[in-house]
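To start, the structure under review is shown below, and the notes come after it.
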Amino acid sequence: MKRMGVWCCLLITLMVIASPLLAQQSPSPATPPTNSAAAQETPKAIADRLNQLEQKTAEAESHADNAWMLMSAALVLLMTGPGLALFYGGLVRQKNVLAIMMQSFALMALITVLWALVGYSLCFGGSGPIIGNFEHAFLRGVGIAPNSDYAATIPQMTFMVYQLMFAIITPALITGATAERMKFSGTMLFMTLWFLIVYAPMAHMVWGKGGLLNASLGGRFPTLDFAGGTVVHITSGVSALVCALYLGRRLGYPKQPMPPHSMVLSFIGACLLWVGWFGFNAGSALASGGLATSAFVATHFGAAAAALSWSLAEWFKNGRASALGAISGAVAGLVAITPAAGFVGPRSALAIGFIAGIFCYWMVTKFKAMFGYDDALDAFGVHGAGGTIGALLTGVCARMLVNPMFGEGKPVGGFDGHWVQVGYQLVGIAFAWILALVGTIVILKIVEVVTGLRVSEEHEIEGLDITQHGEEAYNLES
Amino acid sequence: MMKIEAIIQPSRFESVKDALLEIGIEGMTVTEVRGHGRQKGHTEVYRGREYTVDLLPKVKLEVVLPDALVNRAVETILKSAKTGKIGDGKIFLSRIEEAIRIRNEEHGESAL
């Protein structure tokens, strides 16, 4: 009986393998004509077919680009939720974990609505030097047709939704500095104003048509910022510092130890950030070709080198490498490579990452201790500092071989001999610093009056989860 | 009736529980606690700052026994919980006024 079974299986397998060979080939709809038929085809018919072929190729390219860009948009959103939420969540004390996660999540909702109403238009509408206009308010005119000013092969809606994810994560980074002591109401008001007053102008200046700092579209001070070193990291990082100084230190800081309540959550968050960053940087190529590959590789190498260098610095200083140090290093490297990703080669990426790891390590240990400010989750030390050094090194390491940004054969950065680019980078960095500094102070003053900034001492001691949100994160008793 | 409160190393708990079972003592209440006597803690470094963590995890065992069984129980705990190093813990004895079984409201030693 068993023998029969084996033979039956063999027979069925043979039939399955042979069936494609035995099947009739159905004639394909676009069967090319035989030689004799081609001789009779008119030049017009050939031209028509060539046109169709070109159209199909463009469509195929466009579909490939769109697929990658939609995926990238999803990856960038993943960086906020749950990437950043987990990373920050694990770093705070247990009584405040929901509060910090809620802030990221609320921004996913809030910024989306603001983006649809006016945000996209203020960032990417019009052609002003500093800010956009209202031509795309309520997403008017934003449909499937591409906007060739920004990305000619993908629907404008794809571009819009991709950029939205950046607008979401940028303010979320600031919550790292105000953690464990800022009111939820104050946070929401602050972020609304910050998005309109700081993010939109910076995004427009660097990436918007007519923007003063736009390197792709002939800005007066072309700042190389591939995926947002200035727009995202410097602005949020510097704002974070201002907030930390204005709000003041947490009760008990620095005497009372406040170690992360769950390094496990932070670890998971950091890994999600690393992977998501491929969407953040490689997706900024706005297409799925070689530049996306180049940016992908640079991103990964930057993260790796920085994780190593931060760990080495810690090992040297403390005799041990910690998990917190390793993941912080990786994030620092990712921040620094963000402006450089699509302009530098893999070896430069390693160097930029390595430098950022050590520099940011110094910033969050020595520099922070020197001045004693309570940047609770090191938003300034990693994003502000990492973004600044990254933007600077972008000017140094950018090469036309990697990305002929200014035209074929035109030098791009220091490694091409075009050292003036470093000067332009400094201009862009200065714009980001000043806008963030001034904007944040103004916004903090407004929020202080309208909702208040800091929770009361009793609430801070009890914890934000229970006082701001009426919830406890872990109800572990059965 | 006496209550024995024993604060022991978490790694010794299983042996102590088994040893008590062997001499016929089954009822006990166990809590995870933190504390220290003379044992030093360890240092953690967080963002360049050093912190001494001196509250160490221990296990607290509570048993209430008739007077006749107390000495044997204390000897058993001592033998199975001891490692000889600092941090082994302590045993405290206190007198218990009354014991009541909730199920049938039995009083006194028969409630134990």
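Identifiers for the structure tokens are assigned positionally: chains receive A, B, ... in sequence, residues are indexed from 1 per chain, and ligands are indexed from 1 in the order shown.
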Neighbours of His42 in chain B within 8 Å (only C-alpha atoms; same-chain residues fewer than 6 positions away dropped), as a short mmCIF file (atom, residue, chain, number, x, y, z; two decimals) with N, CA and C atoms, in the first residue's frame?
```cif
data_model
loop_
_atom_site.label_atom_id
_atom_site.label_comp_id
_atom_site.auth_asym_id
_atom_site.auth_seq_id
_atom_site.Cartn_x
_atom_site.Cartn_y
_atom_site.Cartn_z
N THR B 52 24.87 55.00 42.43
CA THR B 52 25.03 53.76 43.20
C THR B 52 23.66 53.20 43.46
N VAL B 53 23.49 51.95 43.03
CA VAL B 53 22.22 51.28 43.29
C VAL B 53 22.42 50.41 44.51
N ASP B 54 21.94 50.86 45.72
CA ASP B 54 22.22 50.04 46.89
C ASP B 54 21.04 49.24 47.40
#
```
What's the 7 Å shell around range 24-30 of chain B, counting only C-alpha atoms, without same-chain residues fewer than 6 positions away, as an MDAnalysis selection string? chainID B and resid 59:63
Taking the backbone alone, and naming residues the way the document does, which bits of range 371-464 of chain A are alpha helix (DSSP H) by DSSP, as a PyMOL selection string? chain A and resi 371+379+385-397+420-450+457-462+464
For the contact check between chain B and chain A, emit one row per residue of chain B within 10 Å, containing the shortest atom pair and the distance in Å rounded to one decimal, counting only C-alpha atoms, chain then rising number order, as JSON lines.
```
{"residue": "B:Glu44", "atom": "CA", "partner": "A:Pro259", "partner_atom": "CA", "distance": 9.0}
{"residue": "B:Val45", "atom": "CA", "partner": "A:Asn318", "partner_atom": "CA", "distance": 7.8}
{"residue": "B:Tyr46", "atom": "CA", "partner": "A:Pro259", "partner_atom": "CA", "distance": 6.6}
{"residue": "B:Arg47", "atom": "CA", "partner": "A:Thr365", "partner_atom": "CA", "distance": 5.4}
{"residue": "B:Gly48", "atom": "CA", "partner": "A:Thr365", "partner_atom": "CA", "distance": 4.8}
{"residue": "B:Arg49", "atom": "CA", "partner": "A:Thr365", "partner_atom": "CA", "distance": 7.7}
{"residue": "B:Glu50", "atom": "CA", "partner": "A:Pro257", "partner_atom": "CA", "distance": 8.8}
{"residue": "B:Tyr51", "atom": "CA", "partner": "A:Pro257", "partner_atom": "CA", "distance": 6.4}
{"residue": "B:Thr52", "atom": "CA", "partner": "A:Pro257", "partner_atom": "CA", "distance": 8.8}
{"residue": "B:Val53", "atom": "CA", "partner": "A:Pro257", "partner_atom": "CA", "distance": 9.1}
```
Just-selected residues, N, CA and C atoms written as an mmCIF file, in the first residue's frame:
```cif
data_model
loop_
_atom_site.group_PDB
_atom_site.id
_atom_site.type_symbol
_atom_site.label_atom_id
_atom_site.label_comp_id
_atom_site.auth_asym_id
_atom_site.auth_seq_id
_atom_site.Cartn_x
_atom_site.Cartn_y
_atom_site.Cartn_z
ATOM 1 N N GLU B 44 25.840 52.160 38.464
ATOM 2 C CA GLU B 44 25.365 52.271 37.097
ATOM 3 C C GLU B 44 25.842 53.605 36.541
ATOM 4 N N VAL B 45 26.150 53.618 35.250
ATOM 5 C CA VAL B 45 26.524 54.880 34.623
ATOM 6 C C VAL B 45 25.443 55.237 33.613
ATOM 7 N N TYR B 46 24.849 56.408 33.744
ATOM 8 C CA TYR B 46 23.785 56.828 32.841
ATOM 9 C C TYR B 46 24.126 58.203 32.305
ATOM 10 N N ARG B 47 24.326 58.311 30.989
ATOM 11 C CA ARG B 47 24.708 59.558 30.349
ATOM 12 C C ARG B 47 25.888 60.225 31.070
ATOM 13 N N GLY B 48 26.883 59.443 31.351
ATOM 14 C CA GLY B 48 28.105 60.004 31.932
ATOM 15 C C GLY B 48 28.040 60.203 33.441
ATOM 16 N N ARG B 49 26.871 60.017 34.042
ATOM 17 C CA ARG B 49 26.759 60.201 35.496
ATOM 18 C C ARG B 49 26.756 58.856 36.186
ATOM 19 N N GLU B 50 27.427 58.760 37.334
ATOM 20 C CA GLU B 50 27.449 57.504 38.077
ATOM 21 C C GLU B 50 26.377 57.503 39.148
ATOM 22 N N TYR B 51 25.679 56.397 39.280
ATOM 23 C CA TYR B 51 24.691 56.246 40.341
ATOM 24 C C TYR B 51 24.962 54.958 41.085
ATOM 25 N N THR B 52 24.872 55.004 42.432
ATOM 26 C CA THR B 52 25.033 53.765 43.196
ATOM 27 C C THR B 52 23.658 53.198 43.460
ATOM 28 N N VAL B 53 23.490 51.948 43.032
ATOM 29 C CA VAL B 53 22.219 51.284 43.290
ATOM 30 C C VAL B 53 22.419 50.408 44.511
#
```
Which residue is closest to Leu453 in chain A? Choose from A:Val427, A:Ala326, A:Leu224, A:Met188 and count only C-alpha atoms.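 Ranked by minimum distance to Leu453 in chain A, first place goes to A:Met188.
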